[in-house]
>>> print(open('model_34.csv').read())   # CSV, C-alpha atoms and all ligand atoms
chain,number,residue,atom,x,y,z
A,1042,MET,CA,22.4,68.0,58.4
A,1043,GLU,CA,25.9,67.0,59.3
A,1044,LEU,CA,26.7,66.6,55.6
A,1045,ILE,CA,25.6,70.2,55.1
A,1046,GLN,CA,27.8,71.4,57.9
A,1047,ASP,CA,30.7,69.6,56.3
A,1048,GLY,CA,30.3,71.6,53.1
A,1049,LEU,CA,30.3,75.2,54.4
A,1050,HIS,CA,32.5,77.8,52.8
A,1051,GLN,CA,34.5,75.6,50.4
A,1052,ARG,CA,37.0,77.2,48.1
A,1053,LEU,CA,36.0,77.7,44.4
A,1054,GLU,CA,37.2,75.1,42.0
A,1055,TYR,CA,38.3,76.0,38.5
A,1056,VAL,CA,36.8,74.1,35.5
A,1057,LYS,CA,38.0,75.2,32.1
A,1058,GLY,CA,39.1,78.4,33.7
A,1059,VAL,CA,35.7,79.1,35.3
A,1060,PRO,CA,35.6,79.3,39.1
A,1061,LEU,CA,32.7,77.2,40.5
A,1062,ILE,CA,31.4,76.0,43.9
A,1063,LYS,CA,33.0,72.7,44.5
A,1064,TYR,CA,29.7,70.7,44.4
A,1065,PHE,CA,28.6,72.4,41.2
A,1066,ALA,CA,32.0,71.5,39.6
A,1067,GLU,CA,31.4,67.9,40.7
A,1068,ALA,CA,27.9,68.0,39.0
A,1069,LEU,CA,29.4,68.8,35.6
A,1070,GLY,CA,30.6,65.2,34.9
A,1071,PRO,CA,27.2,63.6,35.4
A,1072,LEU,CA,25.6,66.5,33.5
A,1073,GLU,CA,27.4,65.3,30.3
A,1074,SER,CA,24.9,62.5,30.1
A,1075,PHE,CA,22.0,65.0,30.2
A,1076,GLN,CA,19.8,64.8,27.1
A,1077,ALA,CA,18.0,67.9,26.0
A,1078,ARG,CA,14.6,67.7,24.5
A,1079,PRO,CA,13.5,70.0,21.6
A,1080,ASP,CA,10.7,71.4,23.8
A,1081,ASP,CA,13.0,72.2,26.7
A,1082,LEU,CA,13.3,75.9,27.5
A,1083,LEU,CA,16.5,77.0,29.1
A,1084,ILE,CA,16.6,79.9,31.5
A,1085,SER,CA,20.1,81.3,31.5
A,1086,THR,CA,21.5,84.1,33.6
A,1087,TYR,CA,24.6,85.2,35.4
A,1088,PRO,CA,23.7,84.8,39.1
A,1089,LYS,CA,21.6,87.5,40.8
A,1090,SER,CA,20.1,88.8,37.5
A,1091,GLY,CA,16.4,87.9,37.8
A,1092,THR,CA,16.5,84.1,37.3
A,1093,THR,CA,13.9,83.3,40.0
A,1094,TRP,CA,11.7,86.1,38.7
A,1095,VAL,CA,11.7,84.9,35.1
A,1096,SER,CA,11.4,81.3,36.2
A,1097,GLN,CA,8.1,82.1,38.1
A,1098,ILE,CA,6.9,84.1,35.1
A,1099,LEU,CA,7.5,81.2,32.7
A,1100,ASP,CA,6.0,78.6,35.1
A,1101,MET,CA,2.9,80.8,35.4
A,1102,ILE,CA,2.7,81.0,31.6
A,1103,TYR,CA,3.1,77.2,31.3
A,1104,GLN,CA,0.4,76.7,33.8
A,1105,ASN,CA,-1.9,79.2,32.0
A,1106,GLY,CA,-1.8,81.6,35.0
A,1107,ASP,CA,-3.1,78.9,37.5
A,1108,LEU,CA,-1.4,80.0,40.8
A,1109,ASP,CA,-2.5,76.9,42.6
A,1110,LYS,CA,-0.5,74.8,40.1
A,1111,CYS,CA,2.5,77.0,40.6
A,1112,HIS,CA,2.2,76.3,44.3
A,1113,ARG,CA,2.9,72.6,43.6
A,1114,ALA,CA,6.6,72.9,44.6
A,1115,PRO,CA,9.3,75.4,45.3
A,1116,ILE,CA,10.8,77.1,42.3
A,1117,PHE,CA,14.0,75.1,42.4
A,1118,MET,CA,11.9,71.9,42.0
A,1119,ARG,CA,9.6,73.3,39.3
A,1120,VAL,CA,12.6,74.6,37.3
A,1121,PRO,CA,15.5,72.3,37.8
A,1122,PHE,CA,18.9,74.0,38.3
A,1123,LEU,CA,21.1,71.9,36.0
A,1124,GLU,CA,24.4,72.1,37.7
A,1125,PHE,CA,23.0,72.4,41.3
A,1126,LYS,CA,24.4,69.9,43.8
A,1127,ALA,CA,24.7,70.3,47.6
A,1128,PRO,CA,24.7,67.9,50.5
A,1129,GLY,CA,21.3,67.0,51.9
A,1130,VAL,CA,19.1,68.3,49.0
A,1131,PRO,CA,18.3,66.7,45.6
A,1132,SER,CA,20.7,67.7,42.8
A,1133,GLY,CA,19.4,69.4,39.6
A,1134,LEU,CA,19.8,66.2,37.7
A,1135,GLU,CA,17.8,64.3,40.3
A,1136,THR,CA,15.0,66.9,40.2
A,1137,LEU,CA,15.0,66.7,36.4
A,1138,LYS,CA,14.1,63.0,36.5
A,1139,ASP,CA,10.6,63.9,37.9
A,1140,THR,CA,10.0,66.9,35.7
A,1141,PRO,CA,7.4,66.4,33.0
A,1142,ALA,CA,7.8,67.9,29.5
A,1143,PRO,CA,7.7,70.6,28.4
A,1144,ARG,CA,10.5,71.4,30.9
A,1145,LEU,CA,11.9,74.7,32.2
A,1146,LEU,CA,15.6,74.4,33.0
A,1147,LYS,CA,17.9,76.9,34.8
A,1148,THR,CA,21.6,77.4,34.4
A,1149,HIS,CA,24.2,80.0,35.3
A,1150,LEU,CA,26.9,78.3,33.3
A,1151,PRO,CA,29.0,80.2,30.8
A,1152,LEU,CA,28.9,78.7,27.3
A,1153,ALA,CA,32.1,76.7,27.7
A,1154,LEU,CA,30.4,74.6,30.3
A,1155,VAL,CA,26.8,74.3,29.0
A,1156,PRO,CA,26.0,70.7,28.1
A,1157,GLN,CA,26.5,70.4,24.3
A,1158,THR,CA,23.1,68.8,23.9
A,1159,LEU,CA,21.5,72.2,24.6
A,1160,LEU,CA,23.4,74.0,21.9
A,1161,ASP,CA,23.3,71.2,19.3
A,1162,GLN,CA,20.4,72.9,17.6
A,1163,LYS,CA,22.6,75.8,16.6
A,1164,VAL,CA,23.4,74.6,13.1
A,1165,LYS,CA,19.8,73.8,12.4
A,1166,PHE,CA,18.8,77.2,13.6
A,1167,GLN,CA,21.3,78.9,11.3
A,1168,LEU,CA,19.7,77.2,8.4
A,1169,LEU,CA,16.2,78.2,9.6
A,1170,ARG,CA,17.2,81.8,9.6
A,1171,ARG,CA,17.1,81.8,5.8
A,1172,LEU,CA,13.4,80.8,5.8
A,1173,ARG,CA,10.5,83.2,5.9
A,1174,TRP,CA,9.8,84.5,9.4
A,1175,GLU,CA,6.5,82.5,9.8
A,1176,ASP,CA,8.1,79.3,8.7
A,1177,HIS,CA,11.1,80.0,10.8
A,1178,LEU,CA,8.9,80.5,13.9
A,1179,SER,CA,6.8,77.4,13.4
A,1180,LEU,CA,9.8,75.2,12.6
A,1181,ARG,CA,11.8,76.7,15.5
A,1182,VAL,CA,9.2,75.8,18.1
A,1183,GLN,CA,9.1,72.2,16.9
A,1184,ASP,CA,12.8,71.6,16.4
A,1185,CYS,CA,15.0,73.6,18.8
A,1186,SER,CA,15.3,74.0,22.5
A,1187,GLU,CA,15.1,77.7,23.2
A,1188,VAL,CA,16.8,80.1,25.7
A,1189,VAL,CA,15.5,83.0,27.7
A,1190,TYR,CA,18.5,84.9,29.0
A,1191,VAL,CA,18.1,87.7,31.5
A,1192,ALA,CA,20.9,90.2,32.0
A,1193,ARG,CA,21.1,92.8,34.8
A,1194,ASN,CA,23.5,95.7,35.2
A,1195,ALA,CA,26.8,94.7,36.7
A,1196,LYS,CA,26.7,97.1,39.7
A,1197,ASP,CA,23.4,95.8,41.1
A,1198,VAL,CA,24.6,92.2,40.4
A,1199,ALA,CA,27.8,92.7,42.3
A,1200,VAL,CA,25.9,94.1,45.4
A,1201,SER,CA,23.3,91.4,45.3
A,1202,TYR,CA,26.0,88.7,44.9
A,1203,HIS,CA,27.9,90.0,47.9
A,1204,HIS,CA,24.8,89.6,50.0
A,1205,PHE,CA,24.0,86.2,48.5
A,1206,TYR,CA,27.6,84.9,49.2
A,1207,GLN,CA,27.0,85.7,52.8
A,1208,MET,CA,23.6,84.0,53.2
A,1209,ALA,CA,24.0,81.0,50.8
A,1210,LYS,CA,26.5,79.0,52.7
A,1211,VAL,CA,28.0,76.9,49.9
A,1212,HIS,CA,30.0,80.0,48.8
A,1213,PRO,CA,33.4,80.8,50.1
A,1214,ASP,CA,33.7,83.7,52.6
A,1215,PRO,CA,33.1,86.8,50.5
A,1216,GLY,CA,35.3,89.0,52.6
A,1217,THR,CA,34.7,92.8,52.7
A,1218,TRP,CA,32.6,94.5,50.1
A,1219,ASP,CA,35.7,96.2,48.7
A,1220,SER,CA,37.6,93.0,48.3
A,1221,PHE,CA,34.6,91.2,46.9
A,1222,LEU,CA,34.1,94.0,44.3
A,1223,GLU,CA,37.7,93.5,43.2
A,1224,LYS,CA,37.1,89.8,42.8
A,1225,PHE,CA,33.9,90.5,40.8
A,1226,MET,CA,35.8,92.8,38.4
A,1227,ALA,CA,38.5,90.1,38.0
A,1228,GLY,CA,36.0,87.4,37.3
A,1229,GLU,CA,37.2,85.5,40.5
A,1230,VAL,CA,33.7,84.9,41.8
A,1231,CYS,CA,31.5,81.8,41.3
A,1232,TYR,CA,30.7,81.5,37.5
A,1233,GLY,CA,33.5,83.8,36.6
A,1234,SER,CA,33.3,87.0,34.6
A,1235,TRP,CA,30.0,88.8,34.4
A,1236,TYR,CA,31.4,90.7,31.4
A,1237,GLN,CA,32.2,87.6,29.4
A,1238,HIS,CA,28.9,85.9,30.4
A,1239,VAL,CA,26.6,88.7,29.2
A,1240,ARG,CA,28.6,89.2,26.0
A,1241,GLU,CA,28.9,85.6,24.9
A,1242,TRP,CA,25.2,84.8,25.4
A,1243,TRP,CA,24.4,88.1,23.5
A,1244,GLU,CA,26.6,86.9,20.7
A,1245,LEU,CA,24.9,83.5,20.8
A,1246,SER,CA,21.5,85.2,20.1
A,1247,CYS,CA,22.7,85.8,16.5
A,1248,THR,CA,22.9,82.0,15.8
A,1249,HIS,CA,20.5,80.4,18.3
A,1250,PRO,CA,16.9,81.1,19.5
A,1251,VAL,CA,17.7,83.3,22.5
A,1252,LEU,CA,15.3,85.8,23.9
A,1253,TYR,CA,17.7,88.3,25.6
A,1254,LEU,CA,15.9,90.3,28.3
A,1255,PHE,CA,17.1,92.9,30.7
A,1256,TYR,CA,16.1,93.0,34.4
A,1257,GLU,CA,15.8,96.8,34.3
A,1258,ASP,CA,13.2,96.5,31.4
A,1259,MET,CA,11.3,94.0,33.4
A,1260,LYS,CA,11.2,96.5,36.4
A,1261,GLU,CA,10.2,99.3,34.1
A,1262,ASN,CA,7.4,97.5,32.4
A,1263,PRO,CA,6.8,93.9,33.4
A,1264,LYS,CA,3.7,93.5,31.3
A,1265,ARG,CA,5.6,94.4,28.1
A,1266,GLU,CA,8.4,92.0,28.9
A,1267,ILE,CA,6.0,89.2,29.7
A,1268,GLN,CA,4.3,89.8,26.4
A,1269,LYS,CA,7.7,89.3,24.7
A,1270,ILE,CA,8.2,86.1,26.5
A,1271,LEU,CA,4.7,84.9,25.5
A,1272,GLU,CA,5.4,85.6,21.9
A,1273,PHE,CA,8.8,83.9,22.1
A,1274,VAL,CA,7.4,80.7,23.5
A,1275,GLY,CA,4.5,80.8,20.9
A,1276,ARG,CA,1.7,81.1,23.4
A,1277,SER,CA,-1.1,83.6,24.1
A,1278,LEU,CA,-3.2,84.3,27.2
A,1279,PRO,CA,-6.2,86.5,27.9
A,1280,GLU,CA,-5.5,90.0,29.0
A,1281,ASP,CA,-6.8,89.4,32.5
A,1282,THR,CA,-4.5,86.3,32.9
A,1283,LEU,CA,-1.6,88.4,31.8
A,1284,ASP,CA,-2.4,91.0,34.4
A,1285,PHE,CA,-2.7,88.3,37.0
A,1286,ILE,CA,0.7,87.0,36.1
A,1287,VAL,CA,2.2,90.5,36.3
A,1288,GLN,CA,0.6,90.9,39.8
A,1289,HIS,CA,1.8,87.5,41.2
A,1290,THR,CA,5.3,87.8,39.9
A,1291,SER,CA,5.9,91.2,41.5
A,1292,PHE,CA,8.7,91.4,44.0
A,1293,LYS,CA,6.2,92.0,46.8
A,1294,GLU,CA,4.2,88.9,46.0
A,1295,MET,CA,7.2,86.7,45.3
A,1296,LYS,CA,8.9,87.8,48.6
A,1297,LYS,CA,6.0,86.5,50.7
A,1298,ASN,CA,5.5,83.3,48.6
A,1299,PRO,CA,7.3,80.3,50.1
A,1300,MET,CA,7.3,78.7,46.7
A,1301,THR,CA,9.5,81.5,45.3
A,1302,ASN,CA,11.4,83.0,48.2
A,1303,TYR,CA,13.7,80.0,49.0
A,1304,SER,CA,12.5,79.9,52.6
A,1305,THR,CA,11.8,76.1,52.3
A,1306,LEU,CA,15.6,75.4,52.1
A,1307,PRO,CA,17.4,74.4,55.3
A,1308,LYS,CA,18.9,77.3,57.2
A,1309,GLU,CA,22.3,75.6,56.9
A,1310,LEU,CA,22.1,76.2,53.1
A,1311,MET,CA,20.5,79.7,53.0
A,1312,ASP,CA,20.3,81.9,56.1
A,1313,HIS,CA,17.7,84.5,55.4
A,1314,SER,CA,18.4,86.2,58.7
A,1315,ILE,CA,21.8,87.3,57.3
A,1316,SER,CA,20.2,88.6,54.1
A,1317,PRO,CA,16.9,87.5,52.6
A,1318,PHE,CA,17.0,85.9,49.1
A,1319,MET,CA,14.3,88.4,48.1
A,1320,ARG,CA,16.3,91.3,49.3
A,1321,LYS,CA,15.4,94.6,47.6
A,1322,GLY,CA,14.4,93.8,44.0
A,1323,THR,CA,15.2,97.2,42.6
A,1324,ALA,CA,17.4,98.8,39.9
A,1325,GLY,CA,20.0,101.2,41.2
A,1326,ASP,CA,20.4,99.8,44.7
A,1327,TRP,CA,24.2,99.8,44.1
A,1328,LYS,CA,24.3,103.5,44.9
A,1329,THR,CA,23.7,102.7,48.6
A,1330,THR,CA,26.8,100.5,48.6
A,1331,PHE,CA,29.4,101.8,46.1
A,1332,THR,CA,31.7,104.6,47.3
A,1333,VAL,CA,32.5,107.4,44.8
A,1334,ALA,CA,36.0,105.9,44.4
A,1335,GLN,CA,34.7,102.4,43.8
A,1336,ASN,CA,32.3,103.7,41.3
A,1337,GLU,CA,35.0,105.6,39.3
A,1338,ARG,CA,37.3,102.6,39.3
A,1339,PHE,CA,34.5,100.3,38.3
A,1340,ASP,CA,33.4,102.5,35.4
A,1341,ALA,CA,36.9,102.8,34.0
A,1342,ASP,CA,37.4,99.0,34.2
A,1343,TYR,CA,33.9,98.5,32.7
A,1344,GLU,CA,34.7,100.7,29.6
A,1345,GLU,CA,37.7,98.5,28.9
A,1346,LYS,CA,36.0,95.2,29.4
A,1347,MET,CA,32.9,96.0,27.4
A,1348,ALA,CA,34.7,97.9,24.6
A,1349,GLY,CA,33.3,97.0,21.2
A,1350,CYS,CA,30.2,95.4,22.6
A,1351,SER,CA,26.8,96.6,21.3
A,1352,LEU,CA,25.1,95.7,24.7
A,1353,SER,CA,23.8,98.6,26.6
A,1354,PHE,CA,22.8,98.4,30.3
A,1355,ARG,CA,20.9,100.8,32.5
A,1356,SER,CA,22.2,101.0,36.0
A,1357,GLN,CA,19.2,103.0,37.2
A,1358,LEU,CA,15.7,103.7,36.1
B,1,LIG,S1,20.1,83.4,41.7
B,1,LIG,O1,20.4,82.9,43.1
B,1,LIG,O2,21.3,83.7,41.0
B,1,LIG,O3,19.2,82.5,41.0
B,1,LIG,O4,19.3,84.8,42.0
B,1,LIG,P1,18.3,85.5,40.9
B,1,LIG,O5,17.0,85.0,41.1
B,1,LIG,O6,19.0,85.5,39.6
B,1,LIG,O7,18.4,87.0,41.4
B,1,LIG,C1,18.0,87.4,42.7
B,1,LIG,C2,17.8,88.9,42.6
B,1,LIG,O8,16.5,89.1,41.9
B,1,LIG,C3,15.6,89.8,42.8
B,1,LIG,N1,14.3,89.4,42.5
B,1,LIG,C4,13.3,90.3,41.9
B,1,LIG,N2,13.4,91.6,41.6
B,1,LIG,C5,12.3,92.1,41.1
B,1,LIG,N3,11.1,91.5,41.0
B,1,LIG,C6,11.0,90.2,41.4
B,1,LIG,N4,9.8,89.6,41.3
B,1,LIG,C7,12.1,89.5,41.8
B,1,LIG,N5,12.4,88.3,42.3
B,1,LIG,C8,13.7,88.2,42.6
B,1,LIG,C9,16.1,89.4,44.2
B,1,LIG,O9,15.5,90.3,45.1
B,1,LIG,C10,17.6,89.5,44.0
B,1,LIG,O10,18.0,90.9,43.9
B,1,LIG,P2,18.5,91.8,45.1
B,1,LIG,O11,19.1,93.1,44.4
B,1,LIG,O12,19.5,91.1,45.9
B,1,LIG,O13,17.2,92.2,45.8
>>> encode(input="model_34.csv", output="structure tokens", more="lines below")
Ligand code: PPS
Amino acid sequence: MELIQDGLHQRLEYVKGVPLIKYFAEALGPLESFQARPDDLLISTYPKSGTTWVSQILDMIYQNGDLDKCHRAPIFMRVPFLEFKAPGVPSGLETLKDTPAPRLLKTHLPLALVPQTLLDQKVKFQLLRRLRWEDHLSLRVQDCSEVVYVARNAKDVAVSYHHFYQMAKVHPDPGTWDSFLEKFMAGEVCYGSWYQHVREWWELSCTHPVLYLFYEDMKENPKREIQKILEFVGRSLPEDTLDFIVQHTSFKEMKKNPMTNYSTLPKELMDHSISPFMRKGTAGDWKTTFTVAQNERFDADYEEKMAGCSLSFRSQL
């Protein structure tokens, strides 16, 4: 535990212009030797956008809805977090060594920092787009690693991130909500700009097999979104299994499940008494935190940063 104490509240380190937790920045070098497999599925998100939720959904799909199998390990062991590194716990790369194929992988990295091996399939995919849809689907499953991206509206992400910065001790001191919001808008939080992240992965979906999902759609109709995921990964499940997955990936179930709620991590890394990892799990919670002035300033800045982008977010349901 002394190693963990040593690592508290480090400053962010910039890599290719992207601010990262110092340990995560250190993990990028070894990550260059990572070799993707064509049957890898990458779960990519900006932090606090529904990563754990979609990870549990995908693992339940991969285990054909067998909850006991999904209890085999905490979510961060079942779905290795590629750039994760912190004192006293296995790194993402270490976890990966024991992960059997087909693998689910997690990252929050912006494209500039994603290991090239995961994007190498791009050219191949561009060629495949010219084929008939059925050929395209069957070839795609065999030849390309795929990406499920989840995006969440920026206001809820900012609020969730501020709470997470406080409870997950590898982050720098977040400061007040007002100062954190300014840093979020300036892209000076861990992983950089939300605006750039959601945009560049959206653009990638034109040339790469990316299923681009929205947290708010998942809240609105989880069954519909899980069906999209099933189709994307080329699997089908009986209706009752699908309903079972919907039920066991609800916020209520995942909050009390030690294999999804991060309660198995040492308190020195995540202190749930400050703010639980499974905090509220709603769309529109930002309204309890943003002042009217903050909201106006945020909206004006948002218009500028998202100008010309076809992405459309719902910040309430
Ligand atoms: S992380 O640390 O970046 O990987 O966090 P991430 O998992 O992306 O996001 C955490 C937020 O997602 C909420 N969450 C859920 N919402 C609805 N349903 C389910 N099943 C679910 N699981 C996790 C979690 O509560 C965090 O959001 P907030 O707003 O803080 O509650």
>>> residues_near_ligand(input="model_34.csv", ligand="ligand LIG 1 (chain B)", cutoff="6 Å", atoms="all atoms listed in the file", output="list of chain:residue names")
A:Pro1088, A:Lys1089, A:Ser1090, A:Gly1091, A:Thr1092, A:Thr1093, A:Trp1094, A:Ser1201, A:Thr1290, A:Ser1291, A:Phe1292, A:Met1295, A:Met1319, A:Arg1320, A:Lys1321, A:Gly1322, A:Thr1323
>>> write_last_selection(input="model_34.csv", atoms="C-alpha atoms", output="PDB file, in the coordinates of the input")
ATOM      1  CA  PRO A1088      23.700  84.800  39.100  1.00  0.00           C
ATOM      2  CA  LYS A1089      21.600  87.500  40.800  1.00  0.00           C
ATOM      3  CA  SER A1090      20.100  88.800  37.500  1.00  0.00           C
ATOM      4  CA  GLY A1091      16.400  87.900  37.800  1.00  0.00           C
ATOM      5  CA  THR A1092      16.500  84.100  37.300  1.00  0.00           C
ATOM      6  CA  THR A1093      13.900  83.300  40.000  1.00  0.00           C
ATOM      7  CA  TRP A1094      11.700  86.100  38.700  1.00  0.00           C
ATOM      8  CA  SER A1201      23.300  91.400  45.300  1.00  0.00           C
ATOM      9  CA  THR A1290       5.300  87.800  39.900  1.00  0.00           C
ATOM     10  CA  SER A1291       5.900  91.200  41.500  1.00  0.00           C
ATOM     11  CA  PHE A1292       8.700  91.400  44.000  1.00  0.00           C
ATOM     12  CA  MET A1295       7.200  86.700  45.300  1.00  0.00           C
ATOM     13  CA  MET A1319      14.300  88.400  48.100  1.00  0.00           C
ATOM     14  CA  ARG A1320      16.300  91.300  49.300  1.00  0.00           C
ATOM     15  CA  LYS A1321      15.400  94.600  47.600  1.00  0.00           C
ATOM     16  CA  GLY A1322      14.400  93.800  44.000  1.00  0.00           C
ATOM     17  CA  THR A1323      15.200  97.200  42.600  1.00  0.00           C
TER      18      THR A1323
END
>>> residues_near_point(input="model_34.csv", point="(15.8, 76.5, 32.8)", cutoff="9 Å", atoms="only C-alpha atoms", output="PyMOL selection string")
chain A and resi 1081-1085+1092+1096+1120-1123+1144-1148+1188-1189
>>> write_last_selection(input="model_34.csv", atoms="C-alpha atoms", output="JSON list (two decimals), in the coordinates of the input")
[["chain", "number", "residue", "atom", "x", "y", "z"],
["A", 1081, "ASP", "CA", 13.00, 72.20, 26.70],
["A", 1082, "LEU", "CA", 13.30, 75.90, 27.50],
["A", 1083, "LEU", "CA", 16.50, 77.00, 29.10],
["A", 1084, "ILE", "CA", 16.60, 79.90, 31.50],
["A", 1085, "SER", "CA", 20.10, 81.30, 31.50],
["A", 1092, "THR", "CA", 16.50, 84.10, 37.30],
["A", 1096, "SER", "CA", 11.40, 81.30, 36.20],
["A", 1120, "VAL", "CA", 12.60, 74.60, 37.30],
["A", 1121, "PRO", "CA", 15.50, 72.30, 37.80],
["A", 1122, "PHE", "CA", 18.90, 74.00, 38.30],
["A", 1123, "LEU", "CA", 21.10, 71.90, 36.00],
["A", 1144, "ARG", "CA", 10.50, 71.40, 30.90],
["A", 1145, "LEU", "CA", 11.90, 74.70, 32.20],
["A", 1146, "LEU", "CA", 15.60, 74.40, 33.00],
["A", 1147, "LYS", "CA", 17.90, 76.90, 34.80],
["A", 1148, "THR", "CA", 21.60, 77.40, 34.40],
["A", 1188, "VAL", "CA", 16.80, 80.10, 25.70],
["A", 1189, "VAL", "CA", 15.50, 83.00, 27.70]]
>>> closest_residue(input="model_34.csv", among="A:Ala1192, A:Val1274, A:Leu1283, A:Val1155", to="Tyr1256 in chain A", atoms="only C-alpha atoms")
A:Ala1192
>>> residues_around(input="model_34.csv", residues="Ser1234 in chain A", least_positions_apart="2", cutoff="10 Å", atoms="all atoms listed in the file", output="PyMOL selection string")
chain A and resi 1059-1060+1087+1151+1224-1232+1236-1239
>>> residues_around(input="model_34.csv", residues="His1204 in chain A", least_positions_apart="5", cutoff="9 Å", atoms="all atoms listed in the file", output="short mmCIF file (atom, residue, chain, number, x, y, z; two decimals) with C-alpha atoms, in the frame of the given file")
data_model
loop_
_atom_site.label_atom_id
_atom_site.label_comp_id
_atom_site.auth_asym_id
_atom_site.auth_seq_id
_atom_site.Cartn_x
_atom_site.Cartn_y
_atom_site.Cartn_z
CA ALA A 1199 27.80 92.70 42.30
CA ALA A 1209 24.00 81.00 50.80
CA PRO A 1215 33.10 86.80 50.50
CA ILE A 1315 21.80 87.30 57.30
CA SER A 1316 20.20 88.60 54.10
CA PRO A 1317 16.90 87.50 52.60
CA PHE A 1318 17.00 85.90 49.10
CA ARG A 1320 16.30 91.30 49.30
#
>>> closest_residue(input="model_34.csv", among="A:Arg1119, A:Lys1196, A:Arg1052, A:His1249", to="Lys1138 in chain A", atoms="all atoms listed in the file")
A:Arg1119
>>> atom_distance(input="model_34.csv", atom1="CA of Glu1272 in chain A", atom2="CA of Pro1079 in chain A")
17.6 Å
>>> atom_distance(input="model_34.csv", atom1="CA of Leu1222 in chain A", atom2="CA of Leu1150 in chain A")
20.5 Å
>>> build_atoms(input="model_34.csv", residues="range 1055-1067 of chain A", atoms="N, CA, C and O atoms", output="PDB file, keeping the file's coordinate frame")
ATOM      1  N   TYR A1055      38.261  75.545  39.870  1.00  0.00           N
ATOM      2  CA  TYR A1055      38.300  76.000  38.500  1.00  0.00           C
ATOM      3  C   TYR A1055      38.037  74.881  37.502  1.00  0.00           C
ATOM      4  O   TYR A1055      38.704  73.859  37.552  1.00  0.00           O
ATOM      5  N   VAL A1056      37.052  75.059  36.613  1.00  0.00           N
ATOM      6  CA  VAL A1056      36.800  74.100  35.500  1.00  0.00           C
ATOM      7  C   VAL A1056      36.866  74.873  34.231  1.00  0.00           C
ATOM      8  O   VAL A1056      36.130  75.849  34.035  1.00  0.00           O
ATOM      9  N   LYS A1057      37.760  74.448  33.325  1.00  0.00           N
ATOM     10  CA  LYS A1057      38.000  75.200  32.100  1.00  0.00           C
ATOM     11  C   LYS A1057      38.178  76.669  32.324  1.00  0.00           C
ATOM     12  O   LYS A1057      37.608  77.510  31.612  1.00  0.00           O
ATOM     13  N   GLY A1058      38.868  76.990  33.399  1.00  0.00           N
ATOM     14  CA  GLY A1058      39.100  78.400  33.700  1.00  0.00           C
ATOM     15  C   GLY A1058      38.008  79.127  34.415  1.00  0.00           C
ATOM     16  O   GLY A1058      38.128  80.317  34.700  1.00  0.00           O
ATOM     17  N   VAL A1059      36.903  78.428  34.695  1.00  0.00           N
ATOM     18  CA  VAL A1059      35.700  79.100  35.300  1.00  0.00           C
ATOM     19  C   VAL A1059      35.668  78.650  36.797  1.00  0.00           C
ATOM     20  O   VAL A1059      35.563  77.452  37.085  1.00  0.00           O
ATOM     21  N   PRO A1060      35.687  79.624  37.735  1.00  0.00           N
ATOM     22  CA  PRO A1060      35.600  79.300  39.100  1.00  0.00           C
ATOM     23  C   PRO A1060      34.137  78.840  39.483  1.00  0.00           C
ATOM     24  O   PRO A1060      33.185  79.518  39.094  1.00  0.00           O
ATOM     25  N   LEU A1061      34.021  77.712  40.168  1.00  0.00           N
ATOM     26  CA  LEU A1061      32.700  77.200  40.500  1.00  0.00           C
ATOM     27  C   LEU A1061      32.710  76.704  41.972  1.00  0.00           C
ATOM     28  O   LEU A1061      33.755  76.297  42.493  1.00  0.00           O
ATOM     29  N   ILE A1062      31.544  76.705  42.590  1.00  0.00           N
ATOM     30  CA  ILE A1062      31.400  76.000  43.900  1.00  0.00           C
ATOM     31  C   ILE A1062      31.774  74.570  43.661  1.00  0.00           C
ATOM     32  O   ILE A1062      31.419  73.969  42.636  1.00  0.00           O
ATOM     33  N   LYS A1063      32.500  74.014  44.628  1.00  0.00           N
ATOM     34  CA  LYS A1063      33.000  72.700  44.500  1.00  0.00           C
ATOM     35  C   LYS A1063      31.947  71.643  44.081  1.00  0.00           C
ATOM     36  O   LYS A1063      32.142  70.836  43.173  1.00  0.00           O
ATOM     37  N   TYR A1064      30.807  71.701  44.736  1.00  0.00           N
ATOM     38  CA  TYR A1064      29.700  70.700  44.400  1.00  0.00           C
ATOM     39  C   TYR A1064      29.216  70.905  43.015  1.00  0.00           C
ATOM     40  O   TYR A1064      28.896  69.928  42.345  1.00  0.00           O
ATOM     41  N   PHE A1065      29.126  72.146  42.546  1.00  0.00           N
ATOM     42  CA  PHE A1065      28.600  72.400  41.200  1.00  0.00           C
ATOM     43  C   PHE A1065      29.668  71.869  40.173  1.00  0.00           C
ATOM     44  O   PHE A1065      29.286  71.318  39.136  1.00  0.00           O
ATOM     45  N   ALA A1066      30.948  72.033  40.510  1.00  0.00           N
ATOM     46  CA  ALA A1066      32.000  71.500  39.600  1.00  0.00           C
ATOM     47  C   ALA A1066      31.855  69.987  39.536  1.00  0.00           C
ATOM     48  O   ALA A1066      31.976  69.405  38.452  1.00  0.00           O
ATOM     49  N   GLU A1067      31.557  69.356  40.660  1.00  0.00           N
ATOM     50  CA  GLU A1067      31.400  67.900  40.700  1.00  0.00           C
ATOM     51  C   GLU A1067      30.187  67.459  39.851  1.00  0.00           C
ATOM     52  O   GLU A1067      30.152  66.356  39.328  1.00  0.00           O
TER      53      GLU A1067
END
